[in-house]
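**Q** Here's a structure for you.
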2 protein chains.
Amino acid sequence: MKKYKVGIIRVLTTVDESILLSHQEILSDFFKDFDLETQCIPDQYEGIHDDKTLNEAVPKIIKMAKDWEDRLDGLIISCAGDPAVKELKNILKIPVVGAGHSVATISRNYGEKVGIIGIEKEAPPTYIDILKDNFLGYEKPNKVENTNDLQTDEGKKAIVESAKKLKKEGADVLAFACTGLSTAKAYKLLRSIDIPIIDGVIAEGTIMLNKLIENEMRSE
Amino acid sequence: MKKYKVGIIRVLTTVDESILLSHQEILSDFFKDFDLETQCIPDQYEGIHDDKTLNEAVPKIIKMAKDWEDRLDGLIISCAGDPAVKELKNILKIPVVGAGHSVATISRNYGEKVGIIGIEKEAPPTYIDILKDNFLGYEKPNKVENTNDLQTDEGKKAIVESAKKLKKEGADVLAFACTGLSTAKAYKLLRSIDIPIIDGVIAEGTIMLNKLIENEMRSE
């Protein structure tokens, strides 16, 4: 069986293999057509959580993507802020997918009023741009300032509180705006919330597969 | 390898196996996780192409879906008008996907200005509802009145003309609003149009897979 070679760029620097490969492991469980490999950008131990850390990450992602392109069919930037995704669409020949636009678009197949949970002060601009008046509200879990804070017991409790609040406000679907929520397996924490939950890593995998298929169809 | 049992409801009545199974064949080429089966609704030889044919189709689709649900993991209504999809979401326990909302949402991962090609007088309401000001324009290929007209030489020429017109008007992505365009393999006709083309059958397969994965994750 032919597989698509898909690269994953993590925007969180880590030497812990279980964290480094956490998105790859989720994708390999559900997307059997992908032959996956992961790299993380250097010197970014708190990932991307504001404009400063975003601006620092973009040139690192672009360099890594250019160096890697020749060996890939597609590239996932596994971050809901979609850092460097627009730039790379004009630079690379292979499809590039970020978690943010993937989650935002997919959420509308599940509901009309999208509640968003993330780690920045406000919802990433892509979500607002795509959802427009289907954006219901945004919550940053209490005391969570970066992706690492989502992995603690306190962080996990706060995620559940955010989800409950958004549901109470009328959300009929919850969309994650941080792939750290995938690492934390937040969808498991939210079992009791009986509305759909759109996971960033599953969403980026879904849109990557769509782009690879569209490419293949056109080149047939 | 475990496969998802996915049913496809065709809203065009046909005894021609090659037409009946045309969507199933596209899906089976690209979605190896699906174990597919197709049924078509009765007495609808011109498919759905206006309000009257839509209203006739809805109860037939609902009956077929209810009778079939027990043997399926997911159900695709393979039509861009998403007939009965909203109703079935409240009736069935398995995920239900239509081509329309799938194409509309996925198109925004490819571009900002979405040009739509379909066979009704206007773009299906789901497309407008999802795309809002990212909807650039709509074209019905000249003299095409129903899905069968898309399969003729004249129909195929008219599809290319519609695509060229939308691109000239500024579309940066083309979205199909009729799955008859998948049957006609319109993406092949449009090789010379160098903007992305979102195929309805590939889109509905993509969103079906996303929903099956999300379901499986939550029940793990």
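Each chain in the structure tokens gets a letter, A, B, ..., in the order shown, and its residues are numbered from 1; ligands are numbered from 1 in order too.
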Any idea what's packed within 6 Å of segment 144-161 of chain A, counting only C-alpha atoms, ignoring anything in its chain fewer than 5 positions away? Could you give it as a PyMOL selection string?
**A** chain A and resi 49+180+184
**Q** Counting only C-alpha atoms, collect the residues of chain A whose closest atom lies at most 9 Å from chain B, and write them out as a ChimeraX atom specification.
**A** /A:30-33,97,101-102,104-110,130-132,134,187-188,190-191,196-199,202-203,205-207,209-211,213-215,217-220
**Q** Counting only C-alpha atoms, what is within 10 Å of Gly7 of chain A, bar same-chain residues fewer than 5 positions away, as a count of residues only?
**A** 19
**Q** What is the distance between atom CA of Leu174 of chain B and atom CA of Gly81 of chain B, in Å to one decimal?
**A** 16.8 Å
